>>> print(open('protein21.cif').read())   # mmCIF, C-alpha atoms
data_upload
#
loop_
_atom_site.label_atom_id
_atom_site.label_comp_id
_atom_site.auth_asym_id
_atom_site.auth_seq_id
_atom_site.Cartn_x
_atom_site.Cartn_y
_atom_site.Cartn_z
CA MET W 140 -9.80 -13.10 2.88
CA ASN W 141 -12.46 -14.86 4.90
CA ASN W 142 -14.48 -17.60 3.24
CA THR W 143 -16.21 -20.84 4.05
CA HIS W 144 -13.78 -22.99 2.06
CA GLN W 145 -10.59 -24.71 3.12
CA HIS W 146 -8.59 -22.73 0.55
CA PRO W 147 -7.56 -19.05 0.70
CA GLY W 148 -9.35 -16.45 -1.38
CA SER W 149 -12.90 -15.23 -1.73
CA ASP W 150 -16.05 -17.11 -2.64
CA GLY W 151 -16.17 -15.03 -5.82
CA GLU W 152 -12.75 -16.11 -7.04
CA HIS W 153 -13.53 -19.75 -6.24
CA ALA W 154 -16.76 -19.54 -8.24
CA LEU W 155 -14.94 -18.05 -11.24
CA GLN W 156 -12.16 -20.63 -10.98
CA HIS W 157 -14.82 -23.32 -11.26
CA GLU W 158 -16.59 -21.54 -14.13
CA TYR W 159 -13.43 -21.01 -16.17
CA GLY W 160 -11.67 -24.25 -15.33
CA THR W 161 -8.73 -22.81 -13.35
CA THR W 162 -9.45 -24.45 -9.98
CA ARG W 163 -6.56 -26.92 -10.08
CA ARG W 164 -4.09 -24.22 -11.13
CA ALA W 165 -5.37 -21.85 -8.46
CA HIS W 166 -5.17 -24.47 -5.71
CA LYS W 167 -1.59 -25.22 -6.69
CA PHE W 168 -0.75 -21.53 -6.37
CA TYR W 169 -2.46 -21.35 -2.97
CA ALA W 170 -0.50 -24.38 -1.77
CA ASP W 171 2.87 -23.39 -3.24
CA GLN W 172 2.97 -19.62 -2.75
CA MET W 173 0.45 -18.28 -0.23
CA ARG W 174 1.37 -17.87 3.40
CA ALA W 175 -0.46 -16.61 6.46
CA GLN W 176 2.71 -14.91 7.72
CA LEU W 177 5.94 -13.49 6.33
CA ASN W 178 8.97 -15.67 5.80
CA ASP W 179 12.60 -14.51 5.97
CA GLU W 180 12.80 -13.83 2.23
CA MET W 181 9.69 -11.67 2.33
CA ILE W 182 11.00 -9.74 5.34
CA GLU W 183 14.28 -9.03 3.52
CA PHE W 184 12.33 -7.89 0.46
CA ILE W 185 10.16 -5.50 2.47
CA GLY W 186 13.26 -4.07 4.13
CA ARG W 187 14.65 -2.74 0.86
CA MET W 188 11.45 -1.42 -0.72
CA ASP W 189 11.01 2.35 -0.99
CA MET W 190 7.45 2.45 -2.31
CA ALA W 191 4.15 0.66 -1.99
CA PHE W 192 0.66 0.69 -3.45
CA ILE W 193 -2.11 0.61 -0.83
CA ALA W 194 -5.65 -0.59 -1.53
CA THR W 195 -8.50 0.22 0.85
CA ALA W 196 -12.29 0.41 0.75
CA ASP W 197 -14.88 2.19 2.83
CA ALA W 198 -17.76 0.56 4.72
CA HIS W 199 -19.79 0.37 1.48
CA GLY W 200 -17.00 -1.32 -0.47
CA GLU W 201 -16.09 1.78 -2.50
CA ALA W 202 -12.43 1.18 -3.29
CA ASP W 203 -9.41 3.48 -3.38
CA SER W 204 -5.77 2.92 -4.18
CA SER W 205 -2.93 5.11 -3.01
CA PHE W 206 0.83 5.38 -3.33
CA ARG W 207 3.23 5.50 -0.40
CA ALA W 208 6.98 6.05 -0.48
CA GLY W 209 9.87 6.63 1.87
CA PRO W 210 13.44 5.59 2.54
CA PRO W 211 14.17 1.88 1.88
CA GLY W 212 12.55 -0.08 4.66
CA PHE W 213 9.99 2.62 5.48
CA ILE W 214 7.57 -0.27 5.84
CA HIS W 215 8.71 -1.65 9.16
CA VAL W 216 8.44 -5.37 9.95
CA LEU W 217 7.51 -5.83 13.59
CA ASP W 218 7.42 -9.62 13.35
CA ALA W 219 6.36 -12.34 10.90
CA ASP W 220 2.71 -11.49 11.53
CA THR W 221 2.82 -7.70 11.68
CA ILE W 222 4.08 -4.75 9.65
CA CYS W 223 3.57 -1.01 9.95
CA TYR W 224 4.10 1.98 7.71
CA PRO W 225 4.18 5.72 8.48
CA GLU W 226 1.62 8.24 7.34
CA TYR W 227 3.54 11.33 6.24
CA ARG W 228 2.18 14.80 5.62
CA GLY W 229 -0.04 14.79 2.54
CA ASN W 230 -2.92 16.71 0.98
CA GLY W 231 -5.04 16.46 4.11
CA VAL W 232 -7.77 14.36 2.47
CA MET W 233 -6.85 11.17 4.41
CA ALA W 234 -8.73 8.94 1.98
CA SER W 235 -6.88 5.75 2.91
CA LEU W 236 -7.00 6.39 6.64
CA GLY W 237 -10.67 7.30 6.38
CA ASN W 238 -11.40 4.00 4.67
CA ILE W 239 -9.39 2.08 7.26
CA SER W 240 -11.35 3.76 10.05
CA GLU W 241 -14.53 2.28 8.51
CA ASN W 242 -13.16 -0.94 7.04
CA PRO W 243 -9.85 -2.33 8.32
CA HIS W 244 -9.15 -4.64 5.38
CA VAL W 245 -6.11 -3.49 3.42
CA GLY W 246 -4.09 -4.77 0.47
CA ILE W 247 -0.46 -3.76 0.01
CA MET W 248 1.48 -4.26 -3.21
CA LEU W 249 5.28 -4.02 -3.20
CA ILE W 250 7.15 -4.20 -6.50
CA ASP W 251 10.87 -4.34 -7.20
CA PHE W 252 11.14 -2.75 -10.65
CA VAL W 253 14.93 -2.56 -10.61
CA ARG W 254 16.86 -5.49 -9.20
CA ASP W 255 14.76 -8.64 -9.27
CA ARG W 256 11.56 -7.51 -11.01
CA ILE W 257 9.25 -9.31 -8.62
CA GLY W 258 6.32 -8.33 -6.43
CA LEU W 259 4.87 -9.16 -3.03
CA HIS W 260 1.22 -8.97 -2.03
CA ILE W 261 0.33 -8.44 1.63
CA ASN W 262 -3.30 -8.55 2.70
CA GLY W 263 -4.38 -7.96 6.25
CA ARG W 264 -6.25 -6.01 8.87
CA ALA W 265 -5.13 -2.45 9.56
CA THR W 266 -5.20 -0.28 12.66
CA ILE W 267 -4.33 3.43 12.90
CA VAL W 268 -1.82 4.08 15.68
CA PRO W 269 -0.43 7.47 16.86
CA ASP W 270 3.34 7.82 16.48
CA GLU W 271 4.00 8.26 20.20
CA GLU W 272 1.91 5.20 21.05
CA LEU W 273 3.71 2.94 18.58
CA ARG W 274 7.14 4.21 19.64
CA ALA W 275 6.29 3.32 23.22
CA GLN W 276 5.70 -0.24 22.04
CA VAL W 277 8.44 -0.60 19.40
CA ARG W 278 11.95 0.51 20.29
CA ASP W 279 13.63 0.37 16.88
CA LEU W 280 11.22 2.44 14.81
CA PRO W 281 13.21 4.69 12.45
CA GLU W 282 13.47 8.33 13.41
CA ASP W 283 13.66 11.08 10.81
CA SER W 284 14.00 14.82 11.21
CA VAL W 285 13.34 15.77 7.59
CA ARG W 286 10.35 18.12 7.36
CA GLY W 287 7.37 16.30 5.97
CA ARG W 288 8.86 12.91 6.75
CA VAL W 289 8.10 12.83 10.47
CA PRO W 290 4.98 10.69 10.90
CA ASP W 291 2.13 11.64 13.18
CA LEU W 292 0.41 8.32 12.57
CA TRP W 293 1.29 4.76 11.61
CA VAL W 294 -0.80 2.07 10.00
CA ARG W 295 -0.25 -1.25 11.72
CA VAL W 296 -1.22 -4.29 9.64
CA ASP W 297 -1.85 -7.79 10.96
CA VAL W 298 -0.79 -10.01 8.05
CA HIS W 299 -3.41 -12.50 6.85
CA GLU W 300 -1.98 -13.36 3.43
CA ALA W 301 1.41 -12.89 1.77
CA TYR W 302 2.22 -14.13 -1.71
CA ILE W 303 4.32 -13.51 -4.79
CA HIS W 304 3.42 -11.36 -7.79
CA CYS W 305 5.21 -12.91 -10.76
CA ARG W 306 7.63 -10.89 -12.86
CA LYS W 307 5.99 -11.71 -16.19
CA HIS W 308 4.53 -8.24 -16.76
CA ILE W 309 6.73 -6.14 -14.46
CA PRO W 310 8.74 -3.63 -16.54
CA ALA W 311 12.44 -3.18 -15.91
CA MET W 312 13.28 0.32 -14.70
CA ILE W 313 16.39 2.30 -13.89
CA PRO W 314 16.30 4.70 -10.92
CA ALA W 315 16.59 8.33 -11.96
CA ASP W 316 18.35 11.02 -9.96
CA ALA W 317 15.52 13.50 -9.80
CA GLY W 318 17.09 15.62 -7.09
CA SER W 319 15.78 16.03 -3.59
CA ARG W 320 12.18 15.20 -2.88
CA ALA W 321 9.90 18.00 -1.74
CA TRP W 322 8.89 16.24 1.47
CA GLY W 323 5.97 17.94 3.21
CA THR W 324 5.79 20.91 0.87
CA ASP W 325 2.59 22.90 0.44
CA SER W 326 3.89 24.53 -2.75
CA ALA W 327 1.41 23.76 -5.52
CA VAL W 328 4.16 23.96 -8.14
CA ARG W 329 6.53 21.59 -6.33
CA LYS W 330 3.68 19.16 -5.73
CA GLY W 331 2.92 19.04 -9.45
CA GLY W 332 0.61 21.98 -9.86
CA ASP W 333 -2.54 21.46 -11.89
CA TYR W 334 -0.85 18.76 -14.00
CA PHE W 335 -4.10 17.23 -15.26
CA GLY W 336 -5.82 20.57 -15.82
CA VAL W 337 -8.73 19.90 -13.47
CA SER W 338 -8.55 23.20 -11.61
CA ALA W 339 -8.10 25.21 -14.83
CA ALA W 340 -11.12 23.54 -16.43
CA ARG W 341 -13.21 24.23 -13.35
CA ARG W 342 -12.22 27.90 -13.32
CA ALA W 343 -12.97 28.18 -17.03
CA ALA W 344 -16.41 26.70 -16.50
CA GLU W 345 -17.35 28.94 -13.59
CA PRO W 346 -18.15 32.10 -15.65
CA ARG W 347 -20.39 30.09 -17.98
CA ALA W 348 -22.14 28.45 -15.03
CA ALA W 349 -22.80 31.87 -13.51
CA MET W 350 -24.44 33.21 -16.70
#
>>> encode(input="protein21.cif", output="structure tokens")
Amino acid sequence: MNNTHQHPGSDGEHALQHEYGTTRRAHKFYADQMRAQLNDEMIEFIGRMDMAFIATADAHGEADSSFRAGPPGFIHVLDADTICYPEYRGNGVMASLGNISENPHVGIMLIDFVRDRIGLHINGRATIVPDEELRAQVRDLPEDSVRGRVPDLWVRVDVHEAYIHCRKHIPAMIPADAGSRAWGTDSAVRKGGDYFGVSAARRAAEPRAAM
């Protein structure tokens, strides 16, 4: 985050730290845990993660969060300052990519729910890169032939901040064998159907709206 202070973080968080008396505690966290690039432990952690939560916002600051998943290490570390992750086939809305095209600031949250129950925040500046362009630059990008898991695009992130998310409130989970994933499917049922009933409610309301 850019600010006029010598410490990381936004002007807003610094103002609230002062108001609520947490400045000393916050500055200790900044000094002890926040880095401007990835260290070896963070790189190892990223290499075994199979999911991530992505936060973006459009040019007006309207925020969106999204979930990304793939084989362990699907978030690829290019170097201590740069990571990238693939954009697989989805619902076609492209909400996250649309936000990035207007506002490159991105926040990535990685959580290990199983082994160590710990999290890693990565904040940075994102760029959308076509698959063929990135592969021309990076030789060891993973290749996958599974339908729906062959990326057309990658999001390349220049790391500005990386820091721990403590385990205090992270639940312990056990991986479930849910069978094969329906990568790239357009089947409404396999994607979850109308799980929250939005489409059904809309259809039910249409006859009344037409009256």
>>> closest_residue(input="protein21.cif", among="W:His146, W:Arg306, W:Arg187, W:His260", to="Lys167 (chain W)", atoms="only C-alpha atoms")
W:His146
>>> residues_around(input="protein21.cif", residues="Glu300 (chain W)", least_positions_apart="4", cutoff="7 Å", atoms="all atoms listed in the file", output="PyMOL selection string")
chain W and resi 173-176+261-263
>>> atom_distance(input="protein21.cif", atom1="CA of Val298 (chain W)", atom2="CA of Ile222 (chain W)")
7.3 Å
>>> residues_around(input="protein21.cif", residues="Ile239 (chain W)", least_positions_apart="4", cutoff="8 Å", atoms="only C-alpha atoms", output="list in words")
Thr195, Ala196, Asp197, Ser235, Pro243, His244, Val245, Ala265, Thr266 and Ile267 of chain W
>>> closest_residue(input="protein21.cif", among="W:Tyr302, W:Gly200, W:Leu217, W:Gly332", to="Asp279 (chain W)", atoms="only C-alpha atoms")
W:Leu217
>>> atom_distance(input="protein21.cif", atom1="CA of Phe192 (chain W)", atom2="CA of Ala327 (chain W)")
23.2 Å
>>> resolve_selection(input="protein21.cif", expression="the PyMOL selection byres ((chain W and resi 214) around 7)", output="compact mmCIF listing (two decimals) with C-alpha atoms, in the frame of the given file")
# COMPACT_ATOMS: atom_id res chain seq x y z
CA ILE W 185 10.16 -5.50 2.47
CA GLY W 212 12.55 -0.08 4.66
CA PHE W 213 9.99 2.62 5.48
CA HIS W 215 8.71 -1.65 9.16
CA VAL W 216 8.44 -5.37 9.95
CA ILE W 222 4.08 -4.75 9.65
CA CYS W 223 3.57 -1.01 9.95
CA TYR W 224 4.10 1.98 7.71
>>> decode(input="protein21.cif", residues="region 162-190 of chain W", atoms="C-alpha atoms", output="PDB file, in the first residue's frame")
ATOM      1  CA  THR W 162       0.138   1.919  17.050  1.00  0.00           C
ATOM      2  CA  ARG W 163       2.986   0.300  18.988  1.00  0.00           C
ATOM      3  CA  ARG W 164       1.575  -3.193  18.440  1.00  0.00           C
ATOM      4  CA  ALA W 165       1.025  -2.515  14.742  1.00  0.00           C
ATOM      5  CA  HIS W 166       4.534  -1.142  14.234  1.00  0.00           C
ATOM      6  CA  LYS W 167       5.985  -4.231  15.883  1.00  0.00           C
ATOM      7  CA  PHE W 168       4.032  -6.405  13.464  1.00  0.00           C
ATOM      8  CA  TYR W 169       5.218  -4.328  10.503  1.00  0.00           C
ATOM      9  CA  ALA W 170       8.827  -4.651  11.658  1.00  0.00           C
ATOM     10  CA  ASP W 171       8.704  -8.343  12.591  1.00  0.00           C
ATOM     11  CA  GLN W 172       6.487  -9.858   9.900  1.00  0.00           C
ATOM     12  CA  MET W 173       6.013  -7.675   6.822  1.00  0.00           C
ATOM     13  CA  ARG W 174       8.307  -8.006   3.843  1.00  0.00           C
ATOM     14  CA  ALA W 175       8.502  -6.313   0.463  1.00  0.00           C
ATOM     15  CA  GLN W 176       9.450  -9.610  -1.187  1.00  0.00           C
ATOM     16  CA  LEU W 177       9.026 -13.330  -0.596  1.00  0.00           C
ATOM     17  CA  ASN W 178      11.486 -15.274   1.511  1.00  0.00           C
ATOM     18  CA  ASP W 179      12.345 -18.958   1.092  1.00  0.00           C
ATOM     19  CA  GLU W 180       9.726 -20.096   3.612  1.00  0.00           C
ATOM     20  CA  MET W 181       6.995 -18.158   1.838  1.00  0.00           C
ATOM     21  CA  ILE W 182       8.049 -19.556  -1.540  1.00  0.00           C
ATOM     22  CA  GLU W 183       7.870 -23.121  -0.173  1.00  0.00           C
ATOM     23  CA  PHE W 184       4.438 -22.388   1.289  1.00  0.00           C
ATOM     24  CA  ILE W 185       3.097 -21.034  -2.005  1.00  0.00           C
ATOM     25  CA  GLY W 186       4.444 -24.088  -3.813  1.00  0.00           C
ATOM     26  CA  ARG W 187       2.167 -26.466  -1.917  1.00  0.00           C
ATOM     27  CA  MET W 188      -1.031 -24.413  -1.875  1.00  0.00           C
ATOM     28  CA  ASP W 189      -3.942 -25.587  -4.034  1.00  0.00           C
ATOM     29  CA  MET W 190      -6.314 -22.678  -3.487  1.00  0.00           C
TER      30      MET W 190
END
